file start.txt (compact mmCIF, C-alpha atoms)
# COMPACT_ATOMS: atom_id res chain seq x y z
CA MET P 152 37.75 -28.07 -46.60
CA LYS P 153 34.21 -29.07 -47.56
CA ILE P 154 32.57 -31.48 -45.10
CA VAL P 155 30.04 -34.00 -46.43
CA VAL P 156 28.03 -35.91 -43.83
CA GLY P 157 26.04 -38.96 -44.89
CA LEU P 158 23.32 -40.02 -42.46
CA GLY P 159 22.56 -43.63 -41.59
CA ASN P 160 22.37 -46.20 -38.80
CA PRO P 161 25.37 -48.35 -37.80
CA GLY P 162 25.33 -52.14 -37.74
CA LYS P 163 24.67 -55.01 -40.16
CA ARG P 164 20.96 -54.89 -39.43
CA TYR P 165 20.67 -51.52 -41.17
CA ALA P 166 23.20 -51.98 -43.99
CA GLY P 167 21.54 -51.54 -47.36
CA THR P 168 18.29 -50.11 -45.98
CA ARG P 169 16.63 -47.02 -47.41
CA HIS P 170 17.44 -44.98 -44.30
CA ASN P 171 21.16 -45.51 -44.97
CA ILE P 172 21.25 -44.00 -48.45
CA GLY P 173 23.24 -41.04 -47.05
CA TRP P 174 25.98 -43.47 -46.03
CA MET P 175 25.84 -45.06 -49.48
CA VAL P 176 26.40 -41.71 -51.22
CA VAL P 177 29.41 -40.97 -49.01
CA ASP P 178 30.76 -44.47 -49.72
CA ARG P 179 30.36 -43.84 -53.46
CA LEU P 180 32.40 -40.64 -53.15
CA ALA P 181 35.06 -42.46 -51.11
CA ASP P 182 35.30 -45.16 -53.78
CA ARG P 183 35.71 -42.52 -56.50
CA ALA P 184 38.52 -40.89 -54.57
CA GLY P 185 40.20 -44.22 -53.79
CA TRP P 186 39.60 -43.72 -50.06
CA GLY P 187 37.48 -46.79 -49.47
CA GLY P 188 38.52 -48.59 -46.29
CA ARG P 189 40.66 -45.68 -45.10
CA GLY P 190 38.14 -44.25 -42.66
CA LYS P 191 39.31 -43.27 -39.19
CA GLU P 192 36.95 -43.49 -36.20
CA ARG P 193 36.87 -40.29 -34.20
CA ASP P 194 34.31 -37.80 -32.92
CA ALA P 195 31.56 -40.47 -32.94
CA ALA P 196 32.00 -40.92 -36.70
CA ALA P 197 33.96 -42.69 -39.41
CA VAL P 198 35.94 -39.95 -41.14
CA THR P 199 38.16 -39.82 -44.18
CA TRP P 200 39.59 -36.81 -46.00
CA GLY P 201 41.96 -35.67 -48.67
CA ARG P 202 42.15 -33.99 -52.05
CA PHE P 203 40.07 -35.40 -54.88
CA ALA P 204 39.43 -33.94 -58.35
CA GLY P 205 40.75 -30.56 -57.22
CA LEU P 206 38.54 -30.53 -54.11
CA ASP P 207 39.51 -30.70 -50.44
CA LEU P 208 36.85 -33.01 -48.98
CA MET P 209 36.09 -34.61 -45.66
CA LEU P 210 33.60 -37.49 -45.73
CA VAL P 211 31.79 -38.24 -42.49
CA LYS P 212 29.52 -41.14 -41.47
CA PRO P 213 28.14 -40.65 -37.95
CA LEU P 214 28.37 -43.88 -35.94
CA THR P 215 25.60 -42.85 -33.57
CA PHE P 216 22.09 -43.93 -34.40
CA MET P 217 20.14 -41.62 -36.68
CA ASN P 218 18.40 -39.67 -33.94
CA GLU P 219 21.77 -38.67 -32.42
CA SER P 220 23.55 -37.74 -35.66
CA GLY P 221 24.01 -34.16 -34.49
CA ILE P 222 26.53 -35.21 -31.85
CA ALA P 223 29.02 -36.35 -34.49
CA VAL P 224 28.35 -33.36 -36.74
CA ARG P 225 28.91 -30.88 -33.91
CA LYS P 226 32.17 -32.59 -32.90
CA VAL P 227 33.53 -32.69 -36.45
CA LEU P 228 32.74 -29.03 -37.10
CA ALA P 229 34.32 -28.04 -33.77
CA ARG P 230 37.50 -30.00 -34.48
CA GLU P 231 37.83 -28.53 -37.97
CA ARG P 232 36.64 -25.06 -36.93
CA ALA P 233 34.50 -25.17 -40.03
CA PRO P 234 31.72 -22.69 -40.78
CA LEU P 235 28.22 -24.00 -41.55
CA GLU P 236 28.54 -22.95 -45.20
CA ASP P 237 31.18 -25.67 -45.62
CA LEU P 238 28.78 -28.41 -44.46
CA LEU P 239 26.53 -30.59 -46.61
CA VAL P 240 24.29 -33.28 -45.07
CA VAL P 241 23.07 -36.14 -47.29
CA CYS P 242 19.98 -38.00 -46.13
CA ASP P 243 16.94 -39.98 -47.28
CA ASP P 244 13.48 -38.49 -47.80
CA PHE P 245 10.28 -40.49 -48.27
CA ALA P 246 8.44 -37.32 -49.36
CA LEU P 247 10.34 -37.52 -52.67
CA PRO P 248 9.86 -40.23 -55.31
CA PHE P 249 12.61 -42.81 -55.45
CA GLY P 250 15.72 -41.35 -57.05
CA ARG P 251 14.72 -37.68 -56.99
CA LEU P 252 17.29 -35.27 -55.58
CA ARG P 253 16.56 -32.09 -53.67
CA LEU P 254 19.44 -29.78 -52.73
CA ARG P 255 18.74 -26.76 -50.52
CA ALA P 256 20.80 -24.21 -48.65
CA ALA P 257 18.78 -24.41 -45.42
CA GLY P 258 15.46 -25.54 -43.99
CA SER P 259 13.61 -27.35 -41.27
CA ALA P 260 14.00 -31.01 -40.32
CA GLY P 261 10.48 -32.04 -41.28
CA THR P 262 10.01 -35.57 -39.95
CA HIS P 263 13.66 -36.56 -40.34
CA ASN P 264 15.17 -37.35 -36.95
CA GLY P 265 18.74 -37.11 -38.21
CA LEU P 266 18.22 -33.55 -39.46
CA ARG P 267 16.31 -32.72 -36.27
CA SER P 268 19.28 -33.88 -34.16
CA ILE P 269 21.76 -31.86 -36.22
CA ILE P 270 19.64 -28.71 -36.00
CA GLY P 271 19.32 -29.21 -32.26
CA GLU P 272 23.05 -29.67 -31.71
CA LEU P 273 24.09 -26.80 -34.00
CA GLY P 274 21.30 -24.45 -32.97
CA SER P 275 20.75 -23.55 -36.62
CA GLN P 276 18.92 -24.71 -39.75
CA LYS P 277 21.33 -22.85 -42.01
CA PHE P 278 23.33 -25.69 -43.50
CA ALA P 279 23.00 -27.29 -46.91
CA ARG P 280 21.31 -30.64 -47.28
CA LEU P 281 20.93 -33.05 -50.18
CA ARG P 282 17.82 -35.19 -49.76
CA VAL P 283 17.61 -38.37 -51.83
CA GLY P 284 14.14 -39.70 -52.53
CA ILE P 285 13.31 -43.21 -51.30
CA GLY P 286 9.64 -43.17 -52.27
CA GLU P 287 6.45 -42.85 -50.27
CA PRO P 288 5.62 -45.55 -47.71
CA GLU P 289 2.72 -47.83 -48.53
CA ASP P 290 1.96 -48.27 -44.85
CA HIS P 291 4.19 -47.35 -41.89
CA ALA P 292 6.99 -44.85 -42.44
CA LYS P 293 9.35 -46.47 -39.93
CA ALA P 294 9.04 -49.89 -41.55
CA HIS P 295 9.56 -48.33 -44.98
CA VAL P 296 12.77 -46.48 -44.18
CA LEU P 297 14.27 -49.39 -42.27
CA ASP P 298 13.45 -51.90 -45.01
CA ALA P 299 15.66 -52.97 -47.91
CA PHE P 300 15.20 -51.58 -51.39
CA THR P 301 12.96 -53.51 -53.77
CA ALA P 302 14.47 -55.49 -56.63
CA GLU P 303 13.52 -52.76 -59.11
CA GLU P 304 15.02 -50.05 -56.87
CA ARG P 305 18.24 -52.05 -56.54
CA ARG P 306 18.52 -52.17 -60.32
CA GLN P 307 18.44 -48.37 -60.40
CA LEU P 308 20.34 -47.67 -57.21
CA ASP P 309 23.78 -47.33 -58.79
CA THR P 310 22.47 -44.65 -61.14
CA VAL P 311 20.91 -42.76 -58.22
CA LEU P 312 24.08 -42.97 -56.14
CA ASP P 313 26.19 -41.75 -59.06
CA ALA P 314 23.84 -38.80 -59.60
CA ALA P 315 23.83 -37.94 -55.90
CA ALA P 316 27.63 -38.15 -55.73
CA ASP P 317 27.86 -35.88 -58.79
CA ALA P 318 25.51 -33.43 -57.06
CA VAL P 319 27.79 -33.40 -54.01
CA GLU P 320 30.82 -32.68 -56.18
CA SER P 321 28.87 -29.91 -57.91
CA TRP P 322 27.98 -28.36 -54.52
CA ALA P 323 31.61 -28.47 -53.40
CA ARG P 324 32.85 -26.94 -56.65
CA GLU P 325 30.10 -24.49 -57.63
CA GLY P 326 28.05 -23.77 -54.50
CA VAL P 327 24.54 -24.74 -53.49
CA SER P 328 22.61 -22.48 -55.89
CA ARG P 329 24.24 -23.68 -59.09
CA ALA P 330 24.28 -27.28 -57.95
CA ALA P 331 20.57 -27.10 -57.13
CA THR P 332 19.81 -25.60 -60.55
CA ARG P 333 21.61 -28.49 -62.19
CA TRP P 334 20.48 -31.43 -60.08
CA ASN P 335 17.06 -30.69 -58.58
CA PRO P 336 15.35 -31.31 -61.95
CA TRP P 337 17.23 -34.58 -62.49
CA LEU P 338 15.11 -37.67 -63.19
CA LEU P 339 15.76 -41.36 -63.47
CA GLU P 340 15.22 -42.63 -66.98
CA GLY P 341 11.54 -43.42 -67.35
CA ALA P 342 10.49 -41.67 -64.13
CA GLY P 343 7.55 -39.29 -64.11
CA ASP P 344 7.67 -35.76 -62.73
CA ALA P 345 4.62 -36.05 -60.49
CA GLY P 346 4.82 -36.07 -56.74
CA VAL P 347 7.49 -33.44 -56.22
CA ASP P 348 6.38 -29.81 -56.12
CA GLY P 349 2.74 -30.76 -55.85
CA ALA P 350 3.17 -33.69 -53.48
CA THR P 351 1.41 -33.81 -50.17
CA SER P 352 4.21 -34.08 -47.65
CA THR P 353 4.69 -34.16 -43.91
CA GLY P 354 8.45 -34.50 -44.39
CA ALA P 355 11.34 -32.18 -45.01
CA ASP P 356 9.80 -31.16 -48.36
CA ARG P 357 7.99 -28.42 -46.42
CA ASP P 358 11.17 -26.66 -45.29
CA SER P 359 10.09 -23.43 -43.65
CA ASP P 360 12.78 -21.01 -44.75
CA ALA P 361 14.03 -22.62 -47.94
CA GLY P 362 11.21 -24.76 -49.20
CA GLY P 363 7.97 -25.04 -51.06
CA PRO P 364 7.28 -24.71 -54.77
CA ALA P 365 8.55 -21.13 -55.00
CA ALA P 366 11.95 -22.10 -53.60
CA ASP P 367 12.11 -25.09 -55.92
CA ARG P 368 11.39 -22.90 -58.94
CA GLU P 369 14.10 -20.50 -57.83
CA ALA P 370 16.55 -23.37 -57.36
CA ARG P 371 15.84 -24.63 -60.85
CA GLY P 372 16.86 -21.29 -62.27
CA PRO P 373 15.34 -19.23 -65.12
CA ARG P 374 13.13 -20.96 -67.64
CA SER P 375 13.15 -20.61 -71.38
CA SER P 376 10.19 -19.01 -73.14
CA ASP P 377 8.38 -22.34 -73.47
CA GLY P 378 8.73 -22.92 -69.71
CA ASP P 379 10.02 -26.43 -70.32
CA ARG P 380 13.69 -26.34 -69.45
CA PRO P 381 16.26 -24.09 -67.80
CA THR P 382 17.71 -21.40 -70.02
CA GLY P 383 20.88 -22.60 -71.69
CA ALA P 384 20.17 -26.29 -71.02
CA PRO P 385 20.85 -28.77 -73.84
CA VAL P 386 18.02 -29.64 -76.21
CA GLU P 387 16.64 -33.16 -76.30
CA GLY P 388 19.22 -35.75 -77.29
CA ALA P 389 22.21 -33.38 -77.12
CA PRO P 390 24.21 -33.69 -73.87
CA GLY P 391 25.76 -30.53 -72.49
CA ALA P 392 29.32 -30.17 -71.33
CA ASP P 393 28.31 -31.53 -67.93
CA GLY P 394 26.92 -34.73 -69.46
CA ILE P 395 23.26 -33.97 -68.75
CA VAL P 396 20.85 -34.75 -71.56
CA ARG P 397 17.18 -33.93 -71.95
CA ARG P 398 14.91 -36.91 -72.62
CA PRO P 399 11.12 -37.05 -73.08
CA THR P 400 10.86 -38.34 -69.52
CA GLY P 401 13.06 -35.64 -68.00
CA TRP P 402 16.71 -34.89 -67.36
CA ARG P 403 19.38 -37.55 -67.21
CA ARG P 404 23.12 -37.51 -66.68
CA LEU P 405 24.92 -39.72 -69.16
CA LEU P 406 27.33 -42.22 -67.69
CA ALA P 407 30.35 -43.36 -69.65
CA ARG P 408 28.66 -46.66 -70.50
CA ASP P 409 25.69 -44.77 -72.02
CA ASP P 410 27.82 -42.94 -74.55
CA PRO P 411 31.03 -44.71 -75.61
CA GLY P 412 32.13 -41.56 -77.44
CA ARG P 413 32.42 -39.62 -74.21
CA GLY P 414 34.96 -40.03 -71.49
CA ASP P 415 34.01 -40.34 -67.88
CA PRO P 416 32.62 -36.88 -66.95
CA ARG P 417 34.08 -37.19 -63.50
CA GLU P 418 37.57 -37.06 -64.83
CA ALA P 419 38.08 -33.38 -66.84
CA ASP P 420 16.48 -44.33 -36.03
CA ARG P 421 15.66 -44.75 -36.23
CA ARG P 422 12.64 -42.47 -36.82
call {"tool": "encode", "arguments": {"input": "start.txt", "output": "structure tokens"}}
result
Amino acid sequence: MKIVVGLGNPGKRYAGTRHNIGWMVVDRLADRAGWGGRGKERDAAAVTWGRFAGLDLMLVKPLTFMNESGIAVRKVLARERAPLEDLLVVCDDFALPFGRLRLRAAGSAGTHNGLRSIIGELGSQKFARLRVGIGEPEDHAKAHVLDAFTAEERRQLDTVLDAAADAVESWAREGVSRAATRWNPWLLEGAGDAGVDGATSTGADRDSDAGGPAADREARGPRSSDGDRPTGAPVEGAPGADGIVRRPTGWRRLLARDDPGRGDPREADRR
């Protein structure tokens, strides 16, 4: 059983805020599996589980506030007797541009109080995490993460949530290394590539034991001779078997509506 924990804050006040994007990714997975509304409250979390697309998944939304997320995670892992390698935590990160994904096998909490709580409760940093970029704050970080998405971000949010949910499925099916190689380079259509490896960050982007530019290059996998794309990746305009296509602006996963000739690829804090 693979356990996917989406971080967020409970209550209507926080619904739809940037800090709750981890919850949104878990909700997207639940909708795909047809589990929406089936969550059971236990162990300080809303939990649902079952078999979906050949995967045994448990989806967890801690019902504590962000800075106590580790309580729910510890209880769920204890009940399931699950090893840390079967855990993936999905959370927001303002050190990444909006929509960027960063999957790692381990690392520090940075400034993220949810990750800090989990590390404290588990006594270990060695669990996978998928960080979803929410963009850099213009002023105060707390106000930024607890604010709603802008109109432009809302127009792109479905695409980001679909990509993040696909990355979770890839982690569950293929493991963290292959999933990171596939999804860490992913870009929203029209997004630039600045502000990732070279960004100045006080957040989780400086993970001590699994971070920094060298780790990101390793996660992306071997490059071709021109240094522009991973070896074996599709050339521009030609989607690979996984539905990822290279565009001038970066990598993009085609959705069914983007290419009518293809079926749906999913089917074959408080700070």
call {"tool": "closest_residue", "arguments": {"input": "start.txt", "among": "P:Glu325, P:Asp309, P:Glu236, P:Glu287", "to": "Ser275 of chain P", "atoms": "only C-alpha atoms"}}
result
P:Glu236
call {"tool": "residues_around", "arguments": {"input": "start.txt", "residues": "segment 333-335 of chain P", "least_positions_apart": "6", "cutoff": "7 Å", "atoms": "all atoms listed in the file", "output": "PyMOL selection string"}}
result
chain P and resi 252-254+318+371
call {"tool": "residues_around", "arguments": {"input": "start.txt", "residues": "segment 240-244 of chain P", "least_positions_apart": "6", "cutoff": "9 Å", "atoms": "all atoms listed in the file", "output": "VMD selection string"}}
result
chain P and resid 154 to 159 169 to 174 176 to 177 263 265 to 266 278 to 287 296 315 319 354 to 356
call {"tool": "atom_distance", "arguments": {"input": "start.txt", "atom1": "atom CA of Ala166 of chain P", "atom2": "atom CA of Lys226 of chain P"}}
result
24.1 Å
call {"tool": "closest_residue", "arguments": {"input": "start.txt", "among": "P:Met152, P:Ala196, P:Met175, P:Ala302", "to": "Met209 of chain P", "atoms": "only C-alpha atoms"}}
result
P:Met152
call {"tool": "atom_distance", "arguments": {"input": "start.txt", "atom1": "atom CA of Ala181 of chain P", "atom2": "atom CA of Trp200 of chain P"}}
result
8.9 Å
call {"tool": "residues_near_point", "arguments": {"input": "start.txt", "point": "(19.0, -22.5, -38.4)", "cutoff": "12 Å", "atoms": "all atoms listed in the file", "output": "PDB file with C-alpha atoms, in the coordinates of the input"}}
result
ATOM      1  CA  LEU P 235      28.220 -24.000 -41.550  1.00  0.00           C
ATOM      2  CA  GLU P 236      28.540 -22.950 -45.200  1.00  0.00           C
ATOM      3  CA  ALA P 256      20.800 -24.210 -48.650  1.00  0.00           C
ATOM      4  CA  ALA P 257      18.780 -24.410 -45.420  1.00  0.00           C
ATOM      5  CA  GLY P 258      15.460 -25.540 -43.990  1.00  0.00           C
ATOM      6  CA  SER P 259      13.610 -27.350 -41.270  1.00  0.00           C
ATOM      7  CA  ALA P 260      14.000 -31.010 -40.320  1.00  0.00           C
ATOM      8  CA  LEU P 266      18.220 -33.550 -39.460  1.00  0.00           C
ATOM      9  CA  ARG P 267      16.310 -32.720 -36.270  1.00  0.00           C
ATOM     10  CA  ILE P 269      21.760 -31.860 -36.220  1.00  0.00           C
ATOM     11  CA  ILE P 270      19.640 -28.710 -36.000  1.00  0.00           C
ATOM     12  CA  GLY P 271      19.320 -29.210 -32.260  1.00  0.00           C
ATOM     13  CA  GLU P 272      23.050 -29.670 -31.710  1.00  0.00           C
ATOM     14  CA  LEU P 273      24.090 -26.800 -34.000  1.00  0.00           C
ATOM     15  CA  GLY P 274      21.300 -24.450 -32.970  1.00  0.00           C
ATOM     16  CA  SER P 275      20.750 -23.550 -36.620  1.00  0.00           C
ATOM     17  CA  GLN P 276      18.920 -24.710 -39.750  1.00  0.00           C
ATOM     18  CA  LYS P 277      21.330 -22.850 -42.010  1.00  0.00           C
ATOM     19  CA  PHE P 278      23.330 -25.690 -43.500  1.00  0.00           C
ATOM     20  CA  ALA P 279      23.000 -27.290 -46.910  1.00  0.00           C
ATOM     21  CA  ASP P 358      11.170 -26.660 -45.290  1.00  0.00           C
ATOM     22  CA  SER P 359      10.090 -23.430 -43.650  1.00  0.00           C
ATOM     23  CA  ASP P 360      12.780 -21.010 -44.750  1.00  0.00           C
ATOM     24  CA  ALA P 361      14.030 -22.620 -47.940  1.00  0.00           C
TER      25      ALA P 361
END
call {"tool": "atom_distance", "arguments": {"input": "start.txt", "atom1": "atom CA of Arg324 of chain P", "atom2": "atom CA of Arg232 of chain P"}}
result
20.2 Å
call {"tool": "decode", "arguments": {"input": "start.txt", "residues": "segment 283-310 of chain P", "atoms": "N, CA and C atoms", "output": "PDB file, in the first residue's frame"}}
result
ATOM      1  N   VAL P 283       4.970  21.394  -4.779  1.00  0.00           N
ATOM      2  CA  VAL P 283       4.282  22.045  -5.894  1.00  0.00           C
ATOM      3  C   VAL P 283       4.475  23.550  -5.746  1.00  0.00           C
ATOM      4  N   GLY P 284       5.049  24.173  -6.764  1.00  0.00           N
ATOM      5  CA  GLY P 284       5.365  25.585  -6.684  1.00  0.00           C
ATOM      6  C   GLY P 284       4.126  26.470  -6.635  1.00  0.00           C
ATOM      7  N   ILE P 285       4.150  27.442  -5.729  1.00  0.00           N
ATOM      8  CA  ILE P 285       3.049  28.417  -5.642  1.00  0.00           C
ATOM      9  C   ILE P 285       3.558  29.834  -5.894  1.00  0.00           C
ATOM     10  N   GLY P 286       4.817  29.963  -6.292  1.00  0.00           N
ATOM     11  CA  GLY P 286       5.348  31.273  -6.632  1.00  0.00           C
ATOM     12  C   GLY P 286       5.888  32.023  -5.425  1.00  0.00           C
ATOM     13  N   GLU P 287       6.812  32.918  -5.709  1.00  0.00           N
ATOM     14  CA  GLU P 287       7.481  33.675  -4.652  1.00  0.00           C
ATOM     15  C   GLU P 287       6.588  34.778  -4.116  1.00  0.00           C
ATOM     16  N   PRO P 288       6.566  34.984  -2.802  1.00  0.00           N
ATOM     17  CA  PRO P 288       5.756  36.069  -2.228  1.00  0.00           C
ATOM     18  C   PRO P 288       6.267  37.436  -2.657  1.00  0.00           C
ATOM     19  N   GLU P 289       5.350  38.353  -2.908  1.00  0.00           N
ATOM     20  CA  GLU P 289       5.749  39.727  -3.189  1.00  0.00           C
ATOM     21  C   GLU P 289       6.096  40.465  -1.909  1.00  0.00           C
ATOM     22  N   ASP P 290       5.491  40.045  -0.800  1.00  0.00           N
ATOM     23  CA  ASP P 290       5.729  40.736   0.465  1.00  0.00           C
ATOM     24  C   ASP P 290       5.936  39.706   1.573  1.00  0.00           C
ATOM     25  N   HIS P 291       4.894  39.427   2.349  1.00  0.00           N
ATOM     26  CA  HIS P 291       5.007  38.514   3.485  1.00  0.00           C
ATOM     27  C   HIS P 291       4.653  37.084   3.069  1.00  0.00           C
ATOM     28  N   ALA P 292       5.508  36.150   3.456  1.00  0.00           N
ATOM     29  CA  ALA P 292       5.297  34.755   3.077  1.00  0.00           C
ATOM     30  C   ALA P 292       4.002  34.202   3.641  1.00  0.00           C
ATOM     31  N   LYS P 293       3.698  34.505   4.908  1.00  0.00           N
ATOM     32  CA  LYS P 293       2.491  33.958   5.527  1.00  0.00           C
ATOM     33  C   LYS P 293       1.241  34.422   4.800  1.00  0.00           C
ATOM     34  N   ALA P 294       1.188  35.704   4.460  1.00  0.00           N
ATOM     35  CA  ALA P 294       0.025  36.219   3.738  1.00  0.00           C
ATOM     36  C   ALA P 294      -0.081  35.568   2.369  1.00  0.00           C
ATOM     37  N   HIS P 295       1.048  35.322   1.737  1.00  0.00           N
ATOM     38  CA  HIS P 295       1.060  34.730   0.396  1.00  0.00           C
ATOM     39  C   HIS P 295       0.494  33.317   0.408  1.00  0.00           C
ATOM     40  N   VAL P 296       0.978  32.495   1.321  1.00  0.00           N
ATOM     41  CA  VAL P 296       0.544  31.094   1.304  1.00  0.00           C
ATOM     42  C   VAL P 296      -0.902  30.931   1.759  1.00  0.00           C
ATOM     43  N   LEU P 297      -1.375  31.846   2.581  1.00  0.00           N
ATOM     44  CA  LEU P 297      -2.745  31.742   3.083  1.00  0.00           C
ATOM     45  C   LEU P 297      -3.734  32.527   2.240  1.00  0.00           C
ATOM     46  N   ASP P 298      -3.274  33.072   1.122  1.00  0.00           N
ATOM     47  CA  ASP P 298      -4.136  33.823   0.223  1.00  0.00           C
ATOM     48  C   ASP P 298      -4.640  32.917  -0.893  1.00  0.00           C
ATOM     49  N   ALA P 299      -5.695  33.363  -1.578  1.00  0.00           N
ATOM     50  CA  ALA P 299      -6.235  32.611  -2.713  1.00  0.00           C
ATOM     51  C   ALA P 299      -5.349  32.793  -3.936  1.00  0.00           C
ATOM     52  N   PHE P 300      -5.459  31.885  -4.870  1.00  0.00           N
ATOM     53  CA  PHE P 300      -4.734  32.004  -6.127  1.00  0.00           C
ATOM     54  C   PHE P 300      -5.258  33.200  -6.916  1.00  0.00           C
ATOM     55  N   THR P 301      -4.388  33.778  -7.737  1.00  0.00           N
ATOM     56  CA  THR P 301      -4.812  34.865  -8.610  1.00  0.00           C
ATOM     57  C   THR P 301      -5.698  34.312  -9.720  1.00  0.00           C
ATOM     58  N   ALA P 302      -6.341  35.198 -10.449  1.00  0.00           N
ATOM     59  CA  ALA P 302      -7.204  34.767 -11.550  1.00  0.00           C
ATOM     60  C   ALA P 302      -6.414  33.994 -12.596  1.00  0.00           C
ATOM     61  N   GLU P 303      -5.214  34.465 -12.920  1.00  0.00           N
ATOM     62  CA  GLU P 303      -4.383  33.770 -13.903  1.00  0.00           C
ATOM     63  C   GLU P 303      -3.960  32.395 -13.384  1.00  0.00           C
ATOM     64  N   GLU P 304      -3.596  32.310 -12.108  1.00  0.00           N
ATOM     65  CA  GLU P 304      -3.224  31.021 -11.525  1.00  0.00           C
ATOM     66  C   GLU P 304      -4.404  30.059 -11.521  1.00  0.00           C
ATOM     67  N   ARG P 305      -5.593  30.566 -11.248  1.00  0.00           N
ATOM     68  CA  ARG P 305      -6.778  29.691 -11.263  1.00  0.00           C
ATOM     69  C   ARG P 305      -7.038  29.133 -12.650  1.00  0.00           C
ATOM     70  N   ARG P 306      -6.728  29.906 -13.680  1.00  0.00           N
ATOM     71  CA  ARG P 306      -6.922  29.402 -15.045  1.00  0.00           C
ATOM     72  C   ARG P 306      -5.975  28.243 -15.351  1.00  0.00           C
ATOM     73  N   GLN P 307      -4.848  28.208 -14.685  1.00  0.00           N
ATOM     74  CA  GLN P 307      -3.856  27.159 -14.937  1.00  0.00           C
ATOM     75  C   GLN P 307      -3.851  26.060 -13.881  1.00  0.00           C
ATOM     76  N   LEU P 308      -4.648  26.234 -12.841  1.00  0.00           N
ATOM     77  CA  LEU P 308      -4.564  25.337 -11.698  1.00  0.00           C
ATOM     78  C   LEU P 308      -4.939  23.902 -12.043  1.00  0.00           C
ATOM     79  N   ASP P 309      -5.950  23.707 -12.868  1.00  0.00           N
ATOM     80  CA  ASP P 309      -6.340  22.349 -13.234  1.00  0.00           C
ATOM     81  C   ASP P 309      -5.195  21.604 -13.906  1.00  0.00           C
ATOM     82  N   THR P 310      -4.469  22.290 -14.780  1.00  0.00           N
ATOM     83  CA  THR P 310      -3.336  21.668 -15.458  1.00  0.00           C
ATOM     84  C   THR P 310      -2.265  21.277 -14.455  1.00  0.00           C
TER      85      THR P 310
END
